[in-house]
Structures are given as C-alpha cells and as structure tokens.
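coords-v2.txt (compact mmCIF, C-alpha atoms and all ligand atoms) appears below.
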# COMPACT_ATOMS: atom_id res chain seq x y z
CA MET P 17 -48.23 34.01 -39.56
CA GLN P 18 -46.75 31.21 -37.54
CA VAL P 19 -43.94 32.23 -35.23
CA ASP P 20 -41.44 29.57 -34.29
CA GLU P 21 -41.02 30.27 -30.59
CA LYS P 22 -38.00 28.43 -29.32
CA LYS P 23 -38.14 28.30 -25.56
CA THR P 24 -34.85 28.75 -23.72
CA PRO P 25 -34.44 25.69 -21.53
CA GLU P 26 -34.61 26.29 -17.81
CA TRP P 27 -32.16 25.20 -15.13
CA GLY P 28 -32.45 21.46 -14.56
CA GLU P 29 -34.45 20.64 -17.71
CA LYS P 30 -33.17 17.87 -19.99
CA GLU P 31 -32.50 20.35 -22.84
CA TRP P 32 -30.56 22.54 -20.39
CA PHE P 33 -28.22 19.65 -19.65
CA ASP P 34 -27.92 18.82 -23.35
CA GLN P 35 -26.82 22.40 -24.06
CA HIS P 36 -23.95 22.02 -21.60
CA PHE P 37 -22.45 19.41 -23.91
CA ASP P 38 -23.14 21.19 -27.22
CA GLY P 39 -19.57 22.16 -27.97
CA ALA P 40 -17.90 19.25 -26.21
CA ASP P 41 -14.44 18.62 -27.63
CA ASN P 42 -11.43 16.59 -26.69
CA SER P 43 -8.95 19.38 -25.98
CA ASN P 44 -7.43 20.08 -22.59
CA LEU P 45 -9.47 23.29 -22.22
CA GLY P 46 -12.55 21.81 -23.89
CA GLY P 47 -15.18 19.45 -22.53
CA ASP P 48 -18.50 20.63 -21.12
CA ASN P 49 -19.78 24.09 -20.14
CA TRP P 50 -19.39 23.39 -16.42
CA GLY P 51 -15.64 23.29 -17.05
CA HIS P 52 -15.10 19.86 -15.48
CA ARG P 53 -11.95 19.57 -17.57
CA TRP P 54 -10.42 23.03 -17.21
CA ARG P 55 -11.56 24.58 -13.90
CA GLY P 56 -9.02 23.94 -11.15
CA ASN P 57 -11.79 23.69 -8.56
CA GLN P 58 -13.60 20.96 -10.54
CA ILE P 59 -10.40 18.96 -11.00
CA VAL P 60 -9.69 19.28 -7.27
CA ARG P 61 -13.29 18.27 -6.46
CA HIS P 62 -12.88 15.08 -8.48
CA LYS P 63 -9.55 14.27 -6.80
CA HIS P 64 -10.81 14.81 -3.24
CA CYS P 65 -13.90 12.79 -3.97
CA PHE P 66 -11.93 10.00 -5.61
CA ALA P 67 -9.69 9.77 -2.52
CA LEU P 68 -12.67 8.23 -0.68
CA ILE P 69 -12.83 5.17 -2.97
CA LYS P 70 -9.33 5.00 -4.43
CA ASN P 71 -8.03 2.14 -2.24
CA ARG P 72 -11.13 0.08 -2.84
CA VAL P 73 -10.99 0.65 -6.61
CA LYS P 74 -7.33 -0.35 -6.66
CA ALA P 75 -7.89 -3.47 -4.57
CA MET P 76 -10.72 -4.87 -6.72
CA HIS P 77 -10.10 -7.21 -9.61
CA GLY P 78 -12.71 -7.34 -12.34
CA GLY P 79 -15.24 -5.42 -10.23
CA ALA P 80 -18.31 -3.59 -11.53
CA ILE P 81 -18.59 0.18 -11.07
CA LEU P 82 -21.50 2.40 -12.06
CA ASP P 83 -21.12 6.17 -12.57
CA LEU P 84 -24.59 7.76 -12.61
CA ALA P 85 -24.88 11.19 -14.29
CA CYS P 86 -21.38 10.72 -15.68
CA GLY P 87 -21.26 13.80 -17.94
CA LEU P 88 -18.20 13.45 -20.19
CA CYS P 89 -16.68 10.87 -17.81
CA GLU P 90 -13.86 12.90 -16.27
CA PHE P 91 -14.52 11.16 -12.94
CA SER P 92 -14.97 7.72 -14.52
CA GLY P 93 -11.59 8.39 -16.16
CA LEU P 94 -9.95 8.70 -12.74
CA ILE P 95 -11.53 5.41 -11.67
CA TYR P 96 -10.38 3.71 -14.86
CA SER P 97 -6.80 4.93 -14.68
CA ALA P 98 -6.47 3.60 -11.10
CA ASN P 99 -7.39 0.05 -12.15
CA ARG P 100 -8.19 -1.07 -15.68
CA THR P 101 -9.45 -4.52 -14.72
CA ASN P 102 -12.77 -3.15 -13.50
CA LYS P 103 -15.80 -2.87 -15.76
CA ILE P 104 -17.20 0.67 -15.70
CA TYR P 105 -20.82 1.42 -16.60
CA VAL P 106 -21.86 5.03 -17.10
CA THR P 107 -25.24 6.70 -17.58
CA ASP P 108 -26.50 10.24 -18.11
CA ILE P 109 -29.76 11.99 -19.00
CA SER P 110 -28.05 13.84 -21.86
CA GLU P 111 -27.92 12.25 -25.29
CA ASN P 112 -25.14 14.68 -26.26
CA ALA P 113 -23.01 13.55 -23.32
CA ILE P 114 -23.54 9.84 -23.99
CA LYS P 115 -22.89 10.26 -27.73
CA TYR P 116 -19.56 11.91 -26.86
CA VAL P 117 -18.68 9.14 -24.41
CA GLU P 118 -19.56 6.41 -26.89
CA GLU P 119 -17.37 8.03 -29.54
CA ASN P 120 -14.41 8.87 -27.30
CA HIS P 121 -14.40 6.35 -24.46
CA LYS P 122 -14.79 2.81 -25.74
CA GLU P 123 -13.49 1.63 -22.35
CA PHE P 124 -16.87 2.48 -20.74
CA SER P 125 -20.25 0.89 -21.28
CA ALA P 126 -22.52 3.93 -21.71
CA LYS P 127 -26.26 4.50 -21.98
CA VAL P 128 -28.78 7.32 -21.72
CA GLU P 129 -30.82 6.92 -18.56
CA GLU P 130 -32.74 9.43 -16.46
CA LEU P 131 -32.63 9.16 -12.70
CA PRO P 132 -34.47 7.94 -10.67
CA HIS P 133 -34.46 5.04 -13.19
CA ILE P 134 -31.49 2.71 -12.81
CA ASP P 135 -31.96 -0.24 -15.08
CA PHE P 136 -29.29 -2.76 -14.02
CA PRO P 137 -29.82 -6.21 -12.47
CA PRO P 138 -30.13 -6.36 -8.66
CA GLN P 139 -26.95 -6.60 -6.57
CA THR P 140 -24.50 -6.34 -9.45
CA MET P 141 -22.40 -3.24 -8.62
CA ASP P 142 -19.41 -3.11 -6.28
CA ILE P 143 -19.29 0.68 -6.33
CA ILE P 144 -21.88 3.25 -7.40
CA VAL P 145 -20.90 6.87 -7.91
CA CYS P 146 -23.52 9.61 -8.02
CA LEU P 147 -21.90 13.05 -8.07
CA GLU P 148 -23.46 16.50 -8.34
CA VAL P 149 -26.84 15.44 -9.66
CA LEU P 150 -29.27 14.67 -6.84
CA TYR P 151 -29.99 18.37 -6.24
CA TYR P 152 -31.55 18.63 -9.69
CA LEU P 153 -34.21 16.07 -8.74
CA SER P 154 -37.52 16.52 -6.94
CA GLU P 155 -37.60 15.29 -3.34
CA ASN P 156 -39.47 12.21 -4.42
CA ASP P 157 -37.06 11.37 -7.27
CA PHE P 158 -34.11 12.02 -4.95
CA ARG P 159 -35.46 9.40 -2.53
CA LEU P 160 -36.33 6.96 -5.31
CA SER P 161 -32.81 7.32 -6.76
CA LEU P 162 -31.28 6.41 -3.40
CA GLU P 163 -33.54 3.37 -3.11
CA ASN P 164 -32.87 2.23 -6.69
CA MET P 165 -29.11 2.52 -6.17
CA ASN P 166 -29.48 0.34 -3.10
CA LYS P 167 -31.17 -2.35 -5.21
CA VAL P 168 -28.31 -2.67 -7.71
CA LEU P 169 -25.56 -2.41 -5.07
CA LYS P 170 -23.89 -5.68 -3.98
CA PRO P 171 -24.26 -6.48 -0.24
CA ASN P 172 -20.70 -5.36 0.56
CA GLY P 173 -20.67 -2.54 -1.99
CA ARG P 174 -20.10 1.19 -1.55
CA ILE P 175 -21.93 4.27 -2.77
CA LEU P 176 -20.23 7.62 -3.23
CA ILE P 177 -22.54 10.63 -3.34
CA SER P 178 -21.73 14.32 -3.58
CA GLY P 179 -23.66 17.56 -3.44
CA LYS P 180 -23.26 21.28 -2.88
CA VAL P 181 -23.44 23.01 0.49
CA ASN P 182 -23.83 26.69 1.41
CA ALA P 183 -25.08 27.23 -2.13
CA GLY P 184 -28.57 28.66 -1.59
CA ASP P 185 -32.16 27.47 -1.85
CA ARG P 186 -31.83 25.75 -5.19
CA TYR P 187 -29.56 23.14 -3.63
CA ASN P 188 -30.05 20.63 -0.82
CA ASP P 189 -29.77 21.79 2.73
CA GLU P 190 -26.78 19.94 4.20
CA GLU P 191 -28.59 18.43 7.20
CA ASN P 192 -31.51 17.29 5.10
CA PHE P 193 -29.17 15.81 2.46
CA ILE P 194 -27.37 13.72 5.11
CA ARG P 195 -30.67 12.73 6.78
CA GLU P 196 -32.16 11.46 3.48
CA ILE P 197 -29.04 9.42 2.73
CA GLU P 198 -29.00 7.98 6.26
CA ARG P 199 -32.58 6.79 5.80
CA VAL P 200 -31.32 4.27 3.23
CA TYR P 201 -27.60 3.74 3.96
CA SER P 202 -25.04 3.57 6.74
CA ILE P 203 -22.59 6.40 6.34
CA VAL P 204 -18.94 5.31 6.30
CA LYS P 205 -17.30 8.72 5.90
CA ILE P 206 -18.13 12.35 5.15
CA ASP P 207 -15.67 14.81 3.67
CA TYR P 208 -15.92 18.41 2.45
CA LEU P 209 -14.39 20.73 -0.09
CA TYR P 210 -13.83 24.43 0.61
CA ASN P 211 -13.92 26.13 -2.78
CA TYR P 212 -15.23 29.50 -1.61
CA LEU P 213 -12.08 31.57 -2.33
CA GLU P 214 -11.32 29.82 -5.64
CA ASN P 215 -14.93 30.49 -6.70
CA GLN P 216 -14.41 34.20 -5.94
CA PHE P 217 -11.16 34.22 -7.88
CA GLU P 218 -12.58 32.68 -11.04
CA ALA P 219 -15.96 34.50 -10.98
CA PRO P 220 -14.93 37.48 -13.21
CA PHE P 221 -13.30 35.18 -15.79
CA LEU P 222 -16.38 32.94 -15.92
CA PHE P 223 -18.66 35.97 -16.15
CA ILE P 224 -16.91 37.26 -19.29
CA LEU P 225 -16.71 33.76 -20.75
CA ASN P 226 -20.39 33.02 -20.23
CA ASN P 227 -21.85 36.42 -21.11
CA PHE P 228 -19.65 37.86 -23.83
CA ILE P 229 -17.83 35.05 -25.60
CA LYS P 230 -20.06 33.21 -28.05
CA ASN P 231 -17.44 30.90 -29.49
CA LYS P 232 -15.96 29.40 -26.37
CA LYS P 233 -13.02 28.00 -28.33
CA GLY P 234 -11.36 31.24 -29.54
CA VAL P 235 -8.12 32.75 -28.27
CA ILE P 236 -9.75 34.98 -25.63
CA ALA P 237 -11.83 32.06 -24.35
CA ARG P 238 -8.69 29.95 -24.03
CA ILE P 239 -6.93 32.70 -22.05
CA LEU P 240 -9.93 33.03 -19.71
CA LYS P 241 -10.16 29.28 -19.26
CA PHE P 242 -6.46 29.05 -18.64
CA ALA P 243 -6.81 31.61 -15.82
CA CYS P 244 -9.24 29.22 -14.09
CA HIS P 245 -7.15 26.13 -14.79
CA SER P 246 -4.63 25.98 -11.96
CA GLU P 247 -5.19 22.95 -9.78
CA ARG P 248 -2.40 24.03 -7.43
CA ARG P 249 -4.02 27.42 -6.80
CA ALA P 250 -7.41 25.73 -6.23
CA GLU P 251 -5.80 23.38 -3.66
CA MET P 252 -4.12 26.28 -1.89
CA LEU P 253 -7.27 28.39 -1.79
CA ASN P 254 -9.14 25.35 -0.53
CA LEU P 255 -6.79 25.14 2.47
CA LEU P 256 -6.92 28.89 3.01
CA THR P 257 -10.73 28.97 2.87
CA ARG P 258 -10.90 26.24 5.47
CA LYS P 259 -8.54 28.15 7.76
CA ILE P 260 -10.23 31.55 7.37
CA TYR P 261 -13.91 30.70 6.96
CA GLY P 262 -14.24 27.24 8.54
CA GLU P 263 -17.74 25.74 8.10
CA LYS P 264 -18.93 28.76 6.13
CA GLY P 265 -16.34 28.15 3.41
CA LYS P 266 -17.61 24.63 2.61
CA THR P 267 -18.85 24.24 -0.96
CA HIS P 268 -19.20 20.48 -1.50
CA ILE P 269 -20.01 17.42 0.57
CA PHE P 270 -18.80 13.89 -0.27
CA ILE P 271 -20.54 10.99 1.42
CA LEU P 272 -19.32 7.41 1.29
CA CYS P 273 -21.95 4.86 2.33
CA LYS P 274 -22.71 1.18 2.51
CA LYS P 275 -25.84 -0.94 2.83
CA LYS P 276 -27.55 -1.05 6.22
C1 LIG P 301 -22.98 19.02 -12.67
S1 LIG P 301 -22.90 17.71 -13.80
C2 LIG P 301 -21.93 16.51 -12.88
C3 LIG P 301 -21.22 15.54 -13.77
C4 LIG P 301 -20.36 14.50 -13.04
N1 LIG P 301 -21.20 13.62 -12.23
C5 LIG P 301 -19.32 15.15 -12.18
O1 LIG P 301 -19.47 15.19 -10.96
O2 LIG P 301 -18.34 15.66 -12.74
C6 LIG P 301 -24.54 17.02 -13.68
C7 LIG P 301 -24.75 15.83 -14.61
O3 LIG P 301 -25.98 15.23 -14.27
C8 LIG P 301 -26.65 14.86 -15.45
N2 LIG P 301 -28.09 14.72 -15.07
C9 LIG P 301 -28.94 15.69 -14.68
N3 LIG P 301 -30.14 15.18 -14.34
C10 LIG P 301 -30.05 13.84 -14.52
C11 LIG P 301 -30.95 12.76 -14.34
N4 LIG P 301 -32.21 12.94 -13.89
N5 LIG P 301 -30.52 11.51 -14.62
C12 LIG P 301 -29.25 11.29 -15.05
N6 LIG P 301 -28.36 12.28 -15.25
C13 LIG P 301 -28.74 13.54 -14.98
C14 LIG P 301 -26.32 16.01 -16.40
O4 LIG P 301 -26.55 15.71 -17.75
C15 LIG P 301 -24.84 16.21 -16.08
O5 LIG P 301 -24.03 15.36 -16.82
Using structure tokens, write down the structure from this file.
Amino acid sequence: MQVDEKKTPEWGEKEWFDQHFDGADNSNLGGDNWGHRWRGNQIVRHKHCFALIKNRVKAMHGGAILDLACGLCEFSGLIYSANRTNKIYVTDISENAIKYVEENHKEFSAKVEELPHIDFPPQTMDIIVCLEVLYYLSENDFRLSLENMNKVLKPNGRILISGKVNAGDRYNDEENFIREIERVYSIVKIDYLYNYLENQFEAPFLFILNNFIKNKKGVIARILKFACHSERRAEMLNLLTRKIYGEKGKTHIFILCKKK
C-alpha cells in the first residue's frame, strides 16, 4: 500500500513561507500569518523603519524603488502612499504572496524571485528595501544578496536593511550582521526597535491563536488579533523597554546604507 506522506515544511523552506500566505485576505485583521497587518509591533516596526527613508521617498519624482521579500506589501504600501510618482517593484519567494499582490495591488510591479537572485538591470534602483529576510539565508546567499543589491543600486542610491537582534541562534548575531553589511556598503544610519515588552504582552494571545484556532478568521481569532492590534500600546512599550532594559530590550535593527 502506498502511503502519501506529506512532509510538514520546516522553518525557512519555500513551502513554509507559502503557508504563511495561505489564508491571506484583505481585511484589517487579515493578511499573512506573521500578522504584519494586525500586530501593533509589526505596524510600529514598519513605521520606524520607514522613517529612515521617508524624506528621500518624498523628495524623489518618478524614482525606482525595489522591495525585496515584500510579503503582502504592507511596507511597499507605506512607500507608495508617501509619493505615488515613484515606480515600485516588489519580489518574493512565495507564489502565494505574489499572486495576492498581483490581484490586489496593481500599483506595484510584482514577480516571484528567490534571493540571492535579483534580476533587474544594473544601476536602475534609487532605493532598495530588504526587510526581515536575510536571516533565512545561508551565509553565502546572504553575502551574494548584498552584492547583487549593490549591482542594481544607482550610484547615489540607498539600501534599507533590517534584521532581528537578541533573538537567539537562528538569527544573525548583531555584530556579524553589521560587519557583513559594512563589507559591501557605507553605513549611513543605524536604528533599533525595542519590542521586548510588547512581545511578552502578546505572547499568550498568539499562543492560543497559533495552537488552538484552526480557522484564523472566526470570532475568537478576531478577538485575539484585536488584543495584539494596538499600535499606541506597542509604541509605549517600545519606549518603556528601552528605558528599563536598554540594549537587552532591542529586538530589531534597521540599517540605512549607500554605495562605497
Ligand atoms: C518575515 S517576512 C517579511 C516581509 C516584509 N519584508 C516585511 O518586513 O514586512 C519574510 C518574507 O521573506 C520572504 N522570503 C523568504 N526567503 C526569501 C528568499 N530567499 N527570497 C525572496 N523572498 C524570501 C517570505 O516569503 C516573506 O514574505
């Protein structure tokens, strides 16, 4: 008898990413399984990160911006709403994510592409954004991604990269992350987010949501998601974490760079 053994995808595999977009919908508390649309700490992460390029995005006219590993384009949406004259290109490894973007965001030019590959002509992008993805790559692919971004970046362009810190062995060590980036780019600015306390607050809600609620769109799921939704609380806890825990409360690093 033939048994159809369906392997559960592992962290960082292509199918694992695809699963995160399985139930993607357009509602306020919908989106992907990371909760980029409904977790206060994700919304705050996007805003803090965007602050590093906001003025430049606003000042450009008809510029070209590339969002690598765009997911459902919540961050690209921020870029677009700040200045609609720019052309925004987005890529992601997940076919589910790109299908969603193609159906719901005609304002972006989207394609499936797996880092370290970046198939755009040399020196064509004014800004490249690469958020929360490099830690999924092998050391070699991480380096290659940085070099390939450099090839498509215009001489006076900017690259915005983010990653996790204080998050354990699976993720990049902060010093090493900065060192690798400095090998290829000049760093313009580094900023941090301090989500430690907000992460603690939302942990029980996420635990129930992820372990006991199959249909993540029902009433109970919406209540749990709503409990994680407050951007104002996330901002406040971010300030408080910084005050109480200092360096140890850091959760994310944002690095703005330019060509050497
Ligand atoms: C944690 S999400 C971050 C999404 C978005 N950049 C943000 O910051 O909100 C990671 C994203 O990276 C994508 N991804 C993972 N590995 C990738 C690869 N090798 N090439 C392109 N995209 C990748 C996933 O499909 C997912 O959309």
Please return the centre and edge lengths, in Å to one decimal, of a box with edges along x, y and z that contains all listed atoms of ligand LIG 301 (chain P), widened by 6 Å on every side, as AutoDock Vina command-line options.
--center_x -25.3 --center_y 15.2 --center_z -14.4 --size_x 25.9 --size_y 19.7 --size_z 18.8
Distance query 12 Å from (-11.0, -5.1, 1.9) using all atoms listed in the file, result as a list in words: Ile69, Asn71, Arg72, Val73, Lys74, Ala75, Met76, His77, Asp142, Asn172, Gly173 and Arg174 of chain P
9 Å shell around ligand LIG 301 (chain P) using only C-alpha atoms and all ligand atoms, listed as a PyMOL selection string: chain P and resi 28-30+32-34+36-37+48+50+52-53+58-59+61-62+83-92+107-113+128-133+145-153+157+178-179
Expected file contents, prior selection, C-alpha atoms, as a PDB file, in the frame of the given file:
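Written file, part19.pdb:
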ATOM      1  CA  GLY P  28     -32.450  21.460 -14.560  1.00  0.00           C
ATOM      2  CA  GLU P  29     -34.450  20.640 -17.710  1.00  0.00           C
ATOM      3  CA  LYS P  30     -33.170  17.870 -19.990  1.00  0.00           C
ATOM      4  CA  TRP P  32     -30.560  22.540 -20.390  1.00  0.00           C
ATOM      5  CA  PHE P  33     -28.220  19.650 -19.650  1.00  0.00           C
ATOM      6  CA  ASP P  34     -27.920  18.820 -23.350  1.00  0.00           C
ATOM      7  CA  HIS P  36     -23.950  22.020 -21.600  1.00  0.00           C
ATOM      8  CA  PHE P  37     -22.450  19.410 -23.910  1.00  0.00           C
ATOM      9  CA  ASP P  48     -18.500  20.630 -21.120  1.00  0.00           C
ATOM     10  CA  TRP P  50     -19.390  23.390 -16.420  1.00  0.00           C
ATOM     11  CA  HIS P  52     -15.100  19.860 -15.480  1.00  0.00           C
ATOM     12  CA  ARG P  53     -11.950  19.570 -17.570  1.00  0.00           C
ATOM     13  CA  GLN P  58     -13.600  20.960 -10.540  1.00  0.00           C
ATOM     14  CA  ILE P  59     -10.400  18.960 -11.000  1.00  0.00           C
ATOM     15  CA  ARG P  61     -13.290  18.270  -6.460  1.00  0.00           C
ATOM     16  CA  HIS P  62     -12.880  15.080  -8.480  1.00  0.00           C
ATOM     17  CA  ASP P  83     -21.120   6.170 -12.570  1.00  0.00           C
ATOM     18  CA  LEU P  84     -24.590   7.760 -12.610  1.00  0.00           C
ATOM     19  CA  ALA P  85     -24.880  11.190 -14.290  1.00  0.00           C
ATOM     20  CA  CYS P  86     -21.380  10.720 -15.680  1.00  0.00           C
ATOM     21  CA  GLY P  87     -21.260  13.800 -17.940  1.00  0.00           C
ATOM     22  CA  LEU P  88     -18.200  13.450 -20.190  1.00  0.00           C
ATOM     23  CA  CYS P  89     -16.680  10.870 -17.810  1.00  0.00           C
ATOM     24  CA  GLU P  90     -13.860  12.900 -16.270  1.00  0.00           C
ATOM     25  CA  PHE P  91     -14.520  11.160 -12.940  1.00  0.00           C
ATOM     26  CA  SER P  92     -14.970   7.720 -14.520  1.00  0.00           C
ATOM     27  CA  THR P 107     -25.240   6.700 -17.580  1.00  0.00           C
ATOM     28  CA  ASP P 108     -26.500  10.240 -18.110  1.00  0.00           C
ATOM     29  CA  ILE P 109     -29.760  11.990 -19.000  1.00  0.00           C
ATOM     30  CA  SER P 110     -28.050  13.840 -21.860  1.00  0.00           C
ATOM     31  CA  GLU P 111     -27.920  12.250 -25.290  1.00  0.00           C
ATOM     32  CA  ASN P 112     -25.140  14.680 -26.260  1.00  0.00           C
ATOM     33  CA  ALA P 113     -23.010  13.550 -23.320  1.00  0.00           C
ATOM     34  CA  VAL P 128     -28.780   7.320 -21.720  1.00  0.00           C
ATOM     35  CA  GLU P 129     -30.820   6.920 -18.560  1.00  0.00           C
ATOM     36  CA  GLU P 130     -32.740   9.430 -16.460  1.00  0.00           C
ATOM     37  CA  LEU P 131     -32.630   9.160 -12.700  1.00  0.00           C
ATOM     38  CA  PRO P 132     -34.470   7.940 -10.670  1.00  0.00           C
ATOM     39  CA  HIS P 133     -34.460   5.040 -13.190  1.00  0.00           C
ATOM     40  CA  VAL P 145     -20.900   6.870  -7.910  1.00  0.00           C
ATOM     41  CA  CYS P 146     -23.520   9.610  -8.020  1.00  0.00           C
ATOM     42  CA  LEU P 147     -21.900  13.050  -8.070  1.00  0.00           C
ATOM     43  CA  GLU P 148     -23.460  16.500  -8.340  1.00  0.00           C
ATOM     44  CA  VAL P 149     -26.840  15.440  -9.660  1.00  0.00           C
ATOM     45  CA  LEU P 150     -29.270  14.670  -6.840  1.00  0.00           C
ATOM     46  CA  TYR P 151     -29.990  18.370  -6.240  1.00  0.00           C
ATOM     47  CA  TYR P 152     -31.550  18.630  -9.690  1.00  0.00           C
ATOM     48  CA  LEU P 153     -34.210  16.070  -8.740  1.00  0.00           C
ATOM     49  CA  ASP P 157     -37.060  11.370  -7.270  1.00  0.00           C
ATOM     50  CA  SER P 178     -21.730  14.320  -3.580  1.00  0.00           C
ATOM     51  CA  GLY P 179     -23.660  17.560  -3.440  1.00  0.00           C
TER      52      GLY P 179
END
Using all atoms listed in the file: which of P:Leu255, P:Val181, P:Leu45, P:Val204 has the shortest distance to Ile239 (chain P): P:Leu45
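Shortest separation to Tyr261 (chain P) among P:Asn211, P:Pro25, P:His64, P:Asn156 occurs at residue P:Asn211, atoms counted being all atoms listed in the file.
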Quick one: which region 18-108 of chain P residues come within 7 Å of region 240-254 of chain P, and what is the nearest atom pair for each with the distance in Å to one decimal, counting only C-alpha atoms, rows ordered by chain and ascending number, as JSON lines?
{"residue": "P:Leu45", "atom": "CA", "partner": "P:Lys241", "partner_atom": "CA", "distance": 6.7}
{"residue": "P:Trp54", "atom": "CA", "partner": "P:His245", "partner_atom": "CA", "distance": 5.1}
{"residue": "P:Arg55", "atom": "CA", "partner": "P:His245", "partner_atom": "CA", "distance": 4.8}
{"residue": "P:Gly56", "atom": "CA", "partner": "P:Glu247", "partner_atom": "CA", "distance": 4.2}
{"residue": "P:Asn57", "atom": "CA", "partner": "P:Ala250", "partner_atom": "CA", "distance": 5.4}
{"residue": "P:Ile59", "atom": "CA", "partner": "P:Glu247", "partner_atom": "CA", "distance": 6.7}
{"residue": "P:Val60", "atom": "CA", "partner": "P:Glu247", "partner_atom": "CA", "distance": 6.3}
Between CA of Leu94 (chain P) and CA of Lys70 (chain P), distance in Å (one decimal): 9.1 Å
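Note that CA of Asp185 (chain P) and CA of Phe221 (chain P) are 24.7 Å apart.
Minimum distance to Arg258 (chain P) across P:Ala219, P:Leu209, P:Leu68, P:Ile197 (counting all atoms listed in the file) occurs at P:Leu209.
In this comparison, which uses only C-alpha atoms, the residue of P:Cys273, P:Val106, P:Ile114, P:Val200 approaching Glu163 (chain P) most closely is P:Val200.
Relative to CA of Cys65 (chain P), CA of Glu190 (chain P) is found at 16.8 Å.
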Residue with smallest distance to Lys103 (chain P) - pool P:Lys115, P:Lys122, P:Lys170, P:Lys233, counting only C-alpha atoms: P:Lys122
Ref. answer, residues at most 6 Å from (-19.7, -1.0, -7.5) with all atoms listed in the file, as an NGL selection string: :P and (80-82 or 141-144 or 173)
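For the choices P:Trp27, P:Leu222, P:Tyr116, P:Glu214, the atom-to-atom distance to Gly39 (chain P) is smallest for P:Tyr116 when using only C-alpha atoms.
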Would you kindly place N, CA and C atoms on region 118-136 of chain P and return the model as a PDB file, in the frame of the given file?
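New file selection-v9.pdb:
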ATOM      1  N   GLU P 118     -19.621   7.591 -26.022  1.00  0.00           N
ATOM      2  CA  GLU P 118     -19.560   6.410 -26.890  1.00  0.00           C
ATOM      3  C   GLU P 118     -18.489   6.564 -27.973  1.00  0.00           C
ATOM      4  N   GLU P 119     -18.351   7.809 -28.469  1.00  0.00           N
ATOM      5  CA  GLU P 119     -17.370   8.030 -29.540  1.00  0.00           C
ATOM      6  C   GLU P 119     -15.932   8.094 -29.024  1.00  0.00           C
ATOM      7  N   ASN P 120     -15.771   8.585 -27.784  1.00  0.00           N
ATOM      8  CA  ASN P 120     -14.410   8.870 -27.300  1.00  0.00           C
ATOM      9  C   ASN P 120     -13.926   7.959 -26.177  1.00  0.00           C
ATOM     10  N   HIS P 121     -14.820   7.206 -25.587  1.00  0.00           N
ATOM     11  CA  HIS P 121     -14.400   6.350 -24.460  1.00  0.00           C
ATOM     12  C   HIS P 121     -14.964   4.948 -24.614  1.00  0.00           C
ATOM     13  N   LYS P 122     -14.332   4.187 -25.493  1.00  0.00           N
ATOM     14  CA  LYS P 122     -14.790   2.810 -25.740  1.00  0.00           C
ATOM     15  C   LYS P 122     -14.591   1.939 -24.496  1.00  0.00           C
ATOM     16  N   GLU P 123     -13.772   2.421 -23.556  1.00  0.00           N
ATOM     17  CA  GLU P 123     -13.490   1.630 -22.350  1.00  0.00           C
ATOM     18  C   GLU P 123     -14.700   1.575 -21.403  1.00  0.00           C
ATOM     19  N   PHE P 124     -15.690   2.467 -21.615  1.00  0.00           N
ATOM     20  CA  PHE P 124     -16.870   2.480 -20.740  1.00  0.00           C
ATOM     21  C   PHE P 124     -18.093   1.926 -21.473  1.00  0.00           C
ATOM     22  N   SER P 125     -18.987   1.327 -20.709  1.00  0.00           N
ATOM     23  CA  SER P 125     -20.250   0.890 -21.280  1.00  0.00           C
ATOM     24  C   SER P 125     -21.288   1.971 -20.944  1.00  0.00           C
ATOM     25  N   ALA P 126     -21.726   2.710 -21.969  1.00  0.00           N
ATOM     26  CA  ALA P 126     -22.520   3.930 -21.710  1.00  0.00           C
ATOM     27  C   ALA P 126     -23.958   3.798 -22.204  1.00  0.00           C
ATOM     28  N   LYS P 127     -24.888   4.402 -21.468  1.00  0.00           N
ATOM     29  CA  LYS P 127     -26.260   4.500 -21.980  1.00  0.00           C
ATOM     30  C   LYS P 127     -26.973   5.729 -21.411  1.00  0.00           C
ATOM     31  N   VAL P 128     -27.957   6.204 -22.185  1.00  0.00           N
ATOM     32  CA  VAL P 128     -28.780   7.320 -21.720  1.00  0.00           C
ATOM     33  C   VAL P 128     -29.782   6.751 -20.718  1.00  0.00           C
ATOM     34  N   GLU P 129     -29.829   7.339 -19.553  1.00  0.00           N
ATOM     35  CA  GLU P 129     -30.820   6.920 -18.560  1.00  0.00           C
ATOM     36  C   GLU P 129     -31.083   8.090 -17.612  1.00  0.00           C
ATOM     37  N   GLU P 130     -32.360   8.285 -17.294  1.00  0.00           N
ATOM     38  CA  GLU P 130     -32.740   9.430 -16.460  1.00  0.00           C
ATOM     39  C   GLU P 130     -33.067   8.969 -15.052  1.00  0.00           C
ATOM     40  N   LEU P 131     -32.306   9.458 -14.096  1.00  0.00           N
ATOM     41  CA  LEU P 131     -32.630   9.160 -12.700  1.00  0.00           C
ATOM     42  C   LEU P 131     -34.034   9.673 -12.400  1.00  0.00           C
ATOM     43  N   PRO P 132     -34.832   9.006 -11.610  1.00  0.00           N
ATOM     44  CA  PRO P 132     -34.470   7.940 -10.670  1.00  0.00           C
ATOM     45  C   PRO P 132     -34.361   6.540 -11.278  1.00  0.00           C
ATOM     46  N   HIS P 133     -34.538   6.395 -12.622  1.00  0.00           N
ATOM     47  CA  HIS P 133     -34.460   5.040 -13.190  1.00  0.00           C
ATOM     48  C   HIS P 133     -33.026   4.549 -13.198  1.00  0.00           C
ATOM     49  N   ILE P 134     -32.820   3.325 -12.749  1.00  0.00           N
ATOM     50  CA  ILE P 134     -31.490   2.710 -12.810  1.00  0.00           C
ATOM     51  C   ILE P 134     -31.724   1.261 -13.234  1.00  0.00           C
ATOM     52  N   ASP P 135     -31.571   1.051 -14.534  1.00  0.00           N
ATOM     53  CA  ASP P 135     -31.960  -0.240 -15.080  1.00  0.00           C
ATOM     54  C   ASP P 135     -30.748  -1.187 -15.187  1.00  0.00           C
ATOM     55  N   PHE P 136     -30.344  -1.732 -14.052  1.00  0.00           N
ATOM     56  CA  PHE P 136     -29.290  -2.760 -14.020  1.00  0.00           C
ATOM     57  C   PHE P 136     -29.800  -3.869 -13.099  1.00  0.00           C
TER      58      PHE P 136
END
